[in-house]
$ cat upload.txt   # compact mmCIF, C-alpha atoms and all ligand atoms
# COMPACT_ATOMS: atom_id res chain seq x y z
CA MET A 1 -40.21 105.85 -79.98
CA ASP A 2 -39.39 109.38 -79.00
CA GLU A 3 -42.71 110.74 -80.19
CA LEU A 4 -46.01 110.19 -78.45
CA LYS A 5 -49.11 110.08 -80.64
CA ILE A 6 -52.69 109.91 -79.43
CA PHE A 7 -55.58 108.82 -81.63
CA SER A 8 -59.28 108.42 -80.99
CA GLY A 9 -61.92 106.14 -82.43
CA ASN A 10 -65.55 107.21 -82.53
CA ALA A 11 -66.40 105.91 -79.04
CA HIS A 12 -65.45 108.96 -76.96
CA PRO A 13 -63.62 111.74 -78.84
CA ALA A 14 -64.31 114.22 -76.01
CA LEU A 15 -62.25 112.14 -73.57
CA ALA A 16 -59.45 111.83 -76.15
CA ARG A 17 -59.45 115.59 -76.69
CA ALA A 18 -59.39 116.30 -72.94
CA THR A 19 -56.49 113.84 -72.53
CA CYS A 20 -54.58 115.56 -75.34
CA GLU A 21 -55.23 118.91 -73.68
CA TYR A 22 -53.76 117.61 -70.43
CA LEU A 23 -50.67 116.37 -72.28
CA ASN A 24 -50.52 119.40 -74.53
CA VAL A 25 -50.23 117.26 -77.66
CA PRO A 26 -52.44 117.40 -80.77
CA LEU A 27 -54.93 114.61 -81.40
CA GLY A 28 -53.66 112.40 -84.22
CA SER A 29 -55.43 112.52 -87.54
CA ALA A 30 -57.28 109.50 -88.88
CA ARG A 31 -60.23 108.85 -91.16
CA ILE A 32 -62.75 106.35 -89.85
CA PHE A 33 -66.02 105.70 -91.57
CA LYS A 34 -68.47 103.01 -92.58
CA PHE A 35 -69.19 101.98 -96.15
CA SER A 36 -72.81 101.51 -97.11
CA ASN A 37 -72.35 97.78 -96.47
CA GLU A 38 -71.47 98.66 -92.81
CA ASN A 39 -67.81 97.64 -93.22
CA ILE A 40 -65.62 99.98 -91.18
CA PHE A 41 -62.69 101.65 -92.92
CA VAL A 42 -59.73 103.28 -91.15
CA GLN A 43 -56.91 105.32 -92.61
CA ILE A 44 -54.23 106.98 -90.50
CA LEU A 45 -53.50 110.37 -92.01
CA GLU A 46 -50.00 110.90 -90.62
CA ASN A 47 -46.76 109.00 -90.32
CA VAL A 48 -46.65 106.75 -87.24
CA ARG A 49 -43.60 104.63 -88.12
CA GLU A 50 -41.75 103.73 -84.89
CA ARG A 51 -43.96 106.13 -82.88
CA ASP A 52 -45.41 105.42 -79.41
CA VAL A 53 -49.12 105.26 -80.28
CA PHE A 54 -52.06 105.39 -77.85
CA ILE A 55 -55.59 104.70 -79.15
CA ILE A 56 -58.33 105.95 -76.84
CA GLN A 57 -61.47 103.88 -77.31
CA PRO A 58 -63.69 102.85 -74.37
CA LEU A 59 -66.10 100.06 -75.28
CA ALA A 60 -69.07 102.41 -75.16
CA SER A 61 -72.44 101.92 -76.84
CA PRO A 62 -72.69 100.68 -79.58
CA VAL A 63 -70.30 98.28 -77.85
CA ASN A 64 -69.74 95.75 -80.61
CA GLU A 65 -69.25 98.41 -83.27
CA ASN A 66 -66.74 100.31 -81.12
CA LEU A 67 -64.91 97.06 -80.39
CA VAL A 68 -64.57 96.17 -84.06
CA GLU A 69 -63.52 99.74 -84.85
CA LEU A 70 -60.77 99.46 -82.24
CA LEU A 71 -59.61 96.13 -83.68
CA ILE A 72 -59.45 97.60 -87.17
CA MET A 73 -57.56 100.66 -85.88
CA LEU A 74 -55.05 98.40 -84.14
CA ASP A 75 -54.52 96.50 -87.37
CA ALA A 76 -54.02 99.74 -89.29
CA PHE A 77 -51.38 100.99 -86.81
CA LYS A 78 -49.61 97.64 -86.75
CA ARG A 79 -49.40 97.62 -90.54
CA ALA A 80 -48.22 101.26 -90.49
CA SER A 81 -45.19 100.11 -88.45
CA ALA A 82 -46.02 101.94 -85.22
CA GLY A 83 -43.25 101.32 -82.68
CA ARG A 84 -45.59 100.41 -79.84
CA ILE A 85 -49.39 100.48 -79.67
CA THR A 86 -51.30 100.94 -76.41
CA ALA A 87 -55.02 100.31 -76.46
CA VAL A 88 -56.48 102.81 -73.99
CA VAL A 89 -59.82 101.22 -73.08
CA PRO A 90 -61.14 103.16 -70.07
CA TYR A 91 -64.27 100.99 -70.00
CA TYR A 92 -63.75 97.29 -70.73
CA ALA A 93 -67.15 95.92 -71.78
CA TYR A 94 -67.93 92.22 -71.35
CA GLY A 95 -65.98 92.36 -68.07
CA ARG A 96 -68.90 90.67 -66.32
CA THR A 97 -68.57 87.62 -68.59
CA ASP A 98 -65.32 86.61 -66.94
CA LYS A 99 -65.96 83.05 -65.80
CA LYS A 100 -67.82 79.89 -66.73
CA ASP A 101 -70.52 80.16 -64.09
CA GLN A 102 -73.23 78.39 -66.11
CA PRO A 103 -72.99 75.37 -68.40
CA ARG A 104 -71.81 76.00 -71.95
CA VAL A 105 -71.18 79.76 -71.67
CA PRO A 106 -68.22 81.73 -73.08
CA ILE A 107 -65.59 83.73 -71.22
CA THR A 108 -65.97 86.77 -73.42
CA ALA A 109 -63.70 89.01 -71.33
CA ARG A 110 -60.87 86.60 -72.22
CA LEU A 111 -61.90 86.44 -75.88
CA ILE A 112 -61.68 90.22 -76.16
CA ALA A 113 -58.23 90.18 -74.58
CA ASP A 114 -57.13 87.75 -77.31
CA LEU A 115 -58.76 89.82 -80.05
CA LEU A 116 -57.04 93.03 -78.93
CA THR A 117 -53.68 91.29 -78.73
CA VAL A 118 -53.95 89.55 -82.10
CA ALA A 119 -55.10 92.81 -83.71
CA GLY A 120 -51.88 94.50 -82.61
CA ALA A 121 -52.11 95.94 -79.08
CA ASN A 122 -48.76 95.82 -77.29
CA ARG A 123 -50.19 97.16 -74.02
CA LEU A 124 -53.56 97.85 -72.42
CA LEU A 125 -54.38 100.88 -70.30
CA THR A 126 -57.75 100.60 -68.61
CA VAL A 127 -59.74 101.79 -65.60
CA ASP A 128 -61.48 99.82 -62.84
CA LEU A 129 -62.03 96.45 -64.47
CA HIS A 130 -65.09 94.57 -63.24
CA ALA A 131 -62.65 92.08 -61.70
CA GLY A 132 -58.93 92.75 -61.34
CA GLN A 133 -58.20 89.18 -62.46
CA ILE A 134 -59.13 90.16 -66.02
CA GLN A 135 -55.61 91.64 -66.17
CA GLY A 136 -54.41 88.04 -66.28
CA PHE A 137 -56.41 87.33 -69.45
CA PHE A 138 -53.76 89.35 -71.28
CA ASN A 139 -50.24 88.22 -72.13
CA ILE A 140 -49.26 91.83 -72.76
CA PRO A 141 -48.68 94.41 -70.00
CA VAL A 142 -51.85 95.84 -68.49
CA ASP A 143 -52.02 99.06 -66.47
CA GLU A 144 -55.28 99.32 -64.55
CA LEU A 145 -56.03 102.78 -63.19
CA THR A 146 -58.66 103.45 -60.56
CA ALA A 147 -61.15 106.27 -60.11
CA LEU A 148 -61.30 105.55 -56.39
CA TYR A 149 -59.10 108.46 -55.28
CA LEU A 150 -60.95 110.95 -57.45
CA LEU A 151 -64.25 109.80 -55.93
CA VAL A 152 -62.80 109.80 -52.40
CA ASN A 153 -61.52 113.37 -52.80
CA TYR A 154 -64.87 114.51 -54.12
CA PHE A 155 -66.74 113.17 -51.12
CA ARG A 156 -64.02 114.17 -48.63
CA ASN A 157 -64.44 117.78 -49.76
CA LYS A 158 -68.15 117.54 -48.97
CA GLN A 159 -67.30 116.82 -45.32
CA LEU A 160 -70.42 114.70 -44.85
CA GLN A 161 -71.12 113.82 -41.23
CA ASP A 162 -72.30 110.39 -40.04
CA LEU A 163 -71.20 108.77 -43.28
CA VAL A 164 -71.29 105.02 -43.96
CA VAL A 165 -69.81 103.59 -47.17
CA VAL A 166 -71.89 100.82 -48.70
CA ALA A 167 -70.72 98.12 -51.11
CA THR A 168 -73.69 97.43 -53.39
CA ASP A 169 -72.40 93.92 -54.02
CA ILE A 170 -69.95 91.49 -52.41
CA GLY A 171 -67.71 91.85 -55.50
CA ILE A 172 -67.02 95.54 -54.81
CA THR A 173 -66.36 95.08 -51.08
CA LYS A 174 -62.60 95.55 -51.23
CA ARG A 175 -62.88 98.83 -53.12
CA ALA A 176 -65.65 99.97 -50.76
CA ARG A 177 -63.45 99.12 -47.78
CA ASP A 178 -60.61 101.23 -49.26
CA MET A 179 -63.04 104.09 -49.73
CA ALA A 180 -64.41 103.74 -46.20
CA GLU A 181 -60.89 103.76 -44.72
CA ARG A 182 -59.95 106.86 -46.67
CA LEU A 183 -63.17 108.66 -45.68
CA LYS A 184 -62.80 107.43 -42.09
CA ALA A 185 -66.29 105.94 -42.26
CA PRO A 186 -67.67 102.52 -41.35
CA LEU A 187 -68.49 99.97 -44.03
CA ALA A 188 -71.76 98.19 -44.81
CA ILE A 189 -72.27 95.51 -47.45
CA ILE A 190 -75.30 94.54 -49.49
CA ALA A 191 -75.60 90.92 -50.57
CA LYS A 192 -77.12 90.95 -54.04
CA ARG A 193 -78.49 88.15 -56.18
CA ARG A 194 -78.85 88.21 -59.97
CA ILE A 195 -82.13 86.83 -61.31
CA ASP A 196 -81.18 84.43 -64.15
CA ASN A 197 -79.79 86.27 -67.22
CA SER A 198 -82.51 88.93 -67.30
CA GLY A 199 -80.22 91.74 -66.08
CA LYS A 200 -82.45 92.08 -62.99
CA SER A 201 -81.11 91.68 -59.49
CA GLU A 202 -82.37 91.78 -55.93
CA ALA A 203 -80.72 93.12 -52.80
CA ILE A 204 -81.09 90.22 -50.38
CA THR A 205 -79.67 91.54 -47.16
CA LEU A 206 -77.66 94.31 -45.57
CA ILE A 207 -74.62 93.57 -43.43
CA GLY A 208 -73.81 96.50 -41.13
CA ASP A 209 -75.61 99.41 -39.53
CA VAL A 210 -76.88 102.42 -41.50
CA LYS A 211 -79.55 103.69 -39.09
CA GLY A 212 -79.52 107.48 -38.81
CA MET A 213 -76.54 107.69 -41.20
CA ARG A 214 -75.77 109.13 -44.60
CA ALA A 215 -75.06 106.20 -46.91
CA LEU A 216 -72.65 106.43 -49.84
CA THR A 217 -72.87 103.46 -52.20
CA ILE A 218 -70.01 102.45 -54.46
CA ASP A 219 -70.00 100.14 -57.48
CA ASP A 220 -67.75 99.69 -60.50
CA GLU A 221 -70.57 100.51 -62.89
CA ILE A 222 -74.21 101.48 -63.06
CA ASP A 223 -75.78 99.66 -65.98
CA THR A 224 -79.59 99.60 -65.88
CA GLY A 225 -79.66 101.20 -62.44
CA GLY A 226 -81.62 98.25 -61.01
CA SER A 227 -78.95 97.31 -58.44
CA LEU A 228 -78.67 100.90 -57.27
CA ASN A 229 -82.42 101.31 -56.92
CA ASN A 230 -82.65 98.13 -54.85
CA ALA A 231 -79.75 99.34 -52.71
CA VAL A 232 -81.33 102.77 -52.12
CA SER A 233 -84.65 101.18 -51.03
CA LEU A 234 -82.90 98.70 -48.73
CA LEU A 235 -80.80 101.44 -47.12
CA ILE A 236 -83.77 103.75 -46.55
CA ASP A 237 -85.80 100.79 -45.16
CA ASN A 238 -82.93 100.18 -42.74
CA GLY A 239 -82.99 103.73 -41.47
CA ALA A 240 -80.43 105.62 -43.61
CA VAL A 241 -81.37 109.31 -43.64
CA GLU A 242 -79.89 109.98 -47.05
CA VAL A 243 -78.23 108.00 -49.85
CA SER A 244 -75.63 109.19 -52.35
CA ALA A 245 -74.09 106.90 -54.94
CA CYS A 246 -70.88 106.73 -56.92
CA CYS A 247 -69.36 104.50 -59.56
CA THR A 248 -66.63 104.65 -62.17
CA HIS A 249 -68.51 103.67 -65.31
CA ALA A 250 -71.82 105.29 -66.24
CA VAL A 251 -73.01 102.57 -68.62
CA PHE A 252 -76.61 103.78 -68.25
CA SER A 253 -78.23 101.29 -70.65
CA GLY A 254 -81.93 100.61 -71.31
CA PRO A 255 -84.14 101.87 -68.47
CA ALA A 256 -81.23 103.39 -66.50
CA ILE A 257 -82.28 107.03 -66.64
CA LYS A 258 -85.89 106.20 -65.76
CA ASN A 259 -84.64 104.07 -62.85
CA LEU A 260 -82.16 106.65 -61.60
CA ALA A 261 -84.73 109.45 -61.80
CA ALA A 262 -87.13 107.31 -59.75
CA ASN A 263 -84.83 106.51 -56.83
CA THR A 264 -84.39 108.81 -53.85
CA ALA A 265 -80.58 109.09 -54.01
CA THR A 266 -79.62 112.73 -53.59
CA GLU A 267 -76.54 112.59 -55.82
CA ILE A 268 -75.03 110.07 -58.24
CA VAL A 269 -71.35 110.69 -59.00
CA VAL A 270 -69.77 109.02 -62.04
CA THR A 271 -66.69 109.57 -64.19
CA ASP A 272 -66.26 110.18 -67.90
CA THR A 273 -64.83 106.79 -68.91
CA LEU A 274 -67.96 106.64 -71.06
CA PRO A 275 -69.69 109.48 -72.92
CA LEU A 276 -72.70 110.93 -71.12
CA GLY A 277 -75.06 112.40 -73.70
CA PRO A 278 -77.47 115.20 -72.76
CA GLU A 279 -80.33 112.68 -72.56
CA LYS A 280 -78.46 110.95 -69.73
CA ARG A 281 -77.73 114.03 -67.63
CA LEU A 282 -80.12 114.23 -64.70
CA PRO A 283 -79.60 117.17 -62.32
CA LYS A 284 -78.51 114.77 -59.56
CA ILE A 285 -75.78 113.21 -61.73
CA THR A 286 -72.27 114.66 -61.36
CA SER A 287 -69.56 113.58 -63.79
CA LEU A 288 -65.89 113.87 -62.83
CA SER A 289 -63.21 113.77 -65.50
CA LEU A 290 -60.54 111.10 -65.54
CA ALA A 291 -58.71 112.75 -68.46
CA PRO A 292 -55.91 114.12 -66.22
CA LEU A 293 -55.34 110.67 -64.69
CA ILE A 294 -55.39 108.90 -68.06
CA GLY A 295 -53.14 111.62 -69.52
CA GLU A 296 -50.66 111.31 -66.66
CA ALA A 297 -50.60 107.51 -67.02
CA ILE A 298 -49.93 107.87 -70.76
CA ARG A 299 -47.10 110.32 -70.03
CA ARG A 300 -45.55 107.87 -67.56
CA ILE A 301 -45.92 104.85 -69.86
CA HIS A 302 -44.28 106.87 -72.64
CA LYS A 303 -41.42 108.05 -70.41
CA GLY A 304 -41.00 104.65 -68.75
CA THR A 305 -41.68 105.95 -65.25
CA SER A 306 -43.92 104.37 -62.64
CA VAL A 307 -47.70 104.32 -63.14
CA GLY A 308 -48.20 102.64 -59.75
CA ALA A 309 -46.59 105.66 -58.05
CA LEU A 310 -49.64 107.67 -59.13
CA PHE A 311 -51.59 105.83 -56.43
CA GLU A 312 -49.07 105.81 -53.61
C1 LIG B 1 -72.14 93.88 -61.50
O1 LIG B 1 -71.83 92.99 -60.74
C2 LIG B 1 -71.64 95.27 -61.39
O2 LIG B 1 -70.69 95.41 -60.39
C3 LIG B 1 -72.78 96.24 -61.19
O3 LIG B 1 -73.33 96.05 -59.90
C4 LIG B 1 -73.83 96.04 -62.22
O4 LIG B 1 -73.30 96.18 -63.49
C5 LIG B 1 -74.98 97.00 -62.07
O5 LIG B 1 -75.94 96.63 -62.99
P1 LIG B 1 -77.39 97.30 -62.98
O6 LIG B 1 -77.18 98.77 -62.88
O7 LIG B 1 -77.99 96.88 -64.30
O8 LIG B 1 -78.14 96.72 -61.83
$ encode --input "upload.txt" --output "structure tokens"
Amino acid sequence: MDELKIFSGNAHPALARATCEYLNVPLGSARIFKFSNENIFVQILENVRERDVFIIQPLASPVNENLVELLIMLDAFKRASAGRITAVVPYYAYGRTDKKDQPRVPITARLIADLLTVAGANRLLTVDLHAGQIQGFFNIPVDELTALYLLVNYFRNKQLQDLVVVATDIGITKRARDMAERLKAPLAIIAKRRIDNSGKSEAITLIGDVKGMRALTIDDEIDTGGSLNNAVSLLIDNGAVEVSACCTHAVFSGPAIKNLAANTATEIVVTDTLPLGPEKRLPKITSLSLAPLIGEAIRRIHKGTSVGALFE
């Protein structure tokens, strides 16, 4: 496995290209298309026998199509006798379906782990899972990177005064606390409640003081933007003078752009784990690239050196 090979599905070729640029390696050549009956076909156009293969494919929209494409790619590489195959899935969709919290519901995050493994993945490289425990759904090694330090550095360079970091949900509190410590800011927490399975949520209460302060919210993802809008309103109602927001994954589904345009947040900082088409680029949205971090992790996995040391 002395040769590293990087391939991309159709989910996010720009991220794959940027990662290859960081590593100074060419993007592997493959043919991926759909027949008229919608069946996906994959053919690898170069020899990968015994190579160390990385397939970059976040589970971006269309999620289910990109998932199946990744599974078919894994199968193709396995049958082409690749030495080791790492599924690089910077955004792991279905991460929120990670427990049986209602009667007769699936644990889809676990199902996808099984699908990836059966299809041929020997390792998973991912970024900021919805819940770290999802790592344990895999019986193959999982490296989970975090965008936290990139986001911290971005806001540290802004030297914002009177800053308070706000967890938009109890689930993100630990990451928010890490961010607050690194930015030497206090922490506030919003208790949020989901309204049935409609995708809507409400911010019930705010724990902590934001009066007269600049609030910086953090979440793992912004999906429809509903949680963020509720958070912005609650923070302003509680006396915050300004609200900025950040998250790792810009899912931006359905009414997200309308919602984000409507809120009074001054800046929304995201990363490029998912593609951000021109229709999703509001002036107040800043996108930071994780390609160098993903590239460096790939280099370390390939060389057998520590990935954890990247975050020490
Ligand atoms: C869920 O618990 C996540 O951490 C995010 O808070 C959620 O995905 C945001 O969803 P939306 O933007 O649709 O409110």
$ residues_around --input "upload.txt" --residues "range 41-52 of chain A" --least-positions-apart "2" --cutoff "10 Å" --atoms "all atoms listed in the file" --output "JSON, numbers by chain"
{"A": [1, 2, 3, 4, 5, 6, 7, 9, 28, 29, 30, 31, 32, 33, 34, 35, 38, 39, 54, 69, 70, 72, 73, 74, 75, 76, 77, 78, 79, 80, 81, 82, 83, 84, 85, 86, 301, 302]}
$ closest_residue --input "upload.txt" --among "A:Tyr22, A:Tyr154, A:Tyr94, A:Tyr149" --to "ligand LIG 1 (chain B)" --atoms "all atoms listed in the file"
A:Tyr94
$ residues_near_ligand --input "upload.txt" --ligand "ligand LIG 1 (chain B)" --cutoff "6 Å" --atoms "all atoms listed in the file" --output "list in words"
Gly199, Asp219, Asp220, Glu221, Ile222, Asp223, Thr224, Gly225, Gly226 and Ser227 of chain A
$ closest_residue --input "upload.txt" --among "A:Leu187, A:Val68, A:Ile195, A:Ala119" --to "Thr217 in chain A" --atoms "all atoms listed in the file"
A:Leu187
$ atom_distance --input "upload.txt" --atom1 "CA of His12 in chain A" --atom2 "CA of Ala167 in chain A"
28.5 Å
$ closest_residue --input "upload.txt" --among "A:Leu71, A:Lys284, A:Ala16, A:Leu125" --to "Arg300 in chain A" --atoms "all atoms listed in the file"
A:Leu125
$ closest_residue --input "upload.txt" --among "A:Arg299, A:Lys258, A:His249, A:Arg194" --to "Leu276 in chain A" --atoms "only C-alpha atoms"
A:His249
$ closest_residue --input "upload.txt" --among "A:Ile268, A:Leu116, A:Leu216, A:Leu310" --to "Gly295 in chain A" --atoms "all atoms listed in the file"
A:Leu310
$ residues_around --input "upload.txt" --residues "Thr126 in chain A" --least-positions-apart "2" --cutoff "7 Å" --atoms "only C-alpha atoms" --output "list of chain:residue names"
A:Val88, A:Val89, A:Pro90, A:Tyr91, A:Leu124, A:Asp128, A:Asp143, A:Glu144, A:Leu145
$ closest_residue --input "upload.txt" --among "A:Leu274, A:Leu23, A:Ser306, A:Thr205" --to "Val63 in chain A" --atoms "all atoms listed in the file"
A:Leu274
$ residues_around --input "upload.txt" --residues "Ala93 in chain A" --least-positions-apart "4" --cutoff "10 Å" --atoms "all atoms listed in the file" --output "ChimeraX atom specification"
/A:58-61,63-64,67,89,97,108-109,112,129-130,251
$ residues_around --input "upload.txt" --residues "Asp98 in chain A" --least-positions-apart "5" --cutoff "10 Å" --atoms "only C-alpha atoms" --output "number ranges by chain"
A: 106-111, 130-131, 133-134, 137
$ atom_distance --input "upload.txt" --atom1 "CA of Ala265 in chain A" --atom2 "CA of Asp196 in chain A"
26.7 Å
$ residues_around --input "upload.txt" --residues "range 235-237 of chain A" --least-positions-apart "3" --cutoff "8 Å" --atoms "only C-alpha atoms" --output "list in words"
Leu206, Val210, Ala215, Ala231, Val232, Ala240, Val241, Glu242 and Val243 of chain A
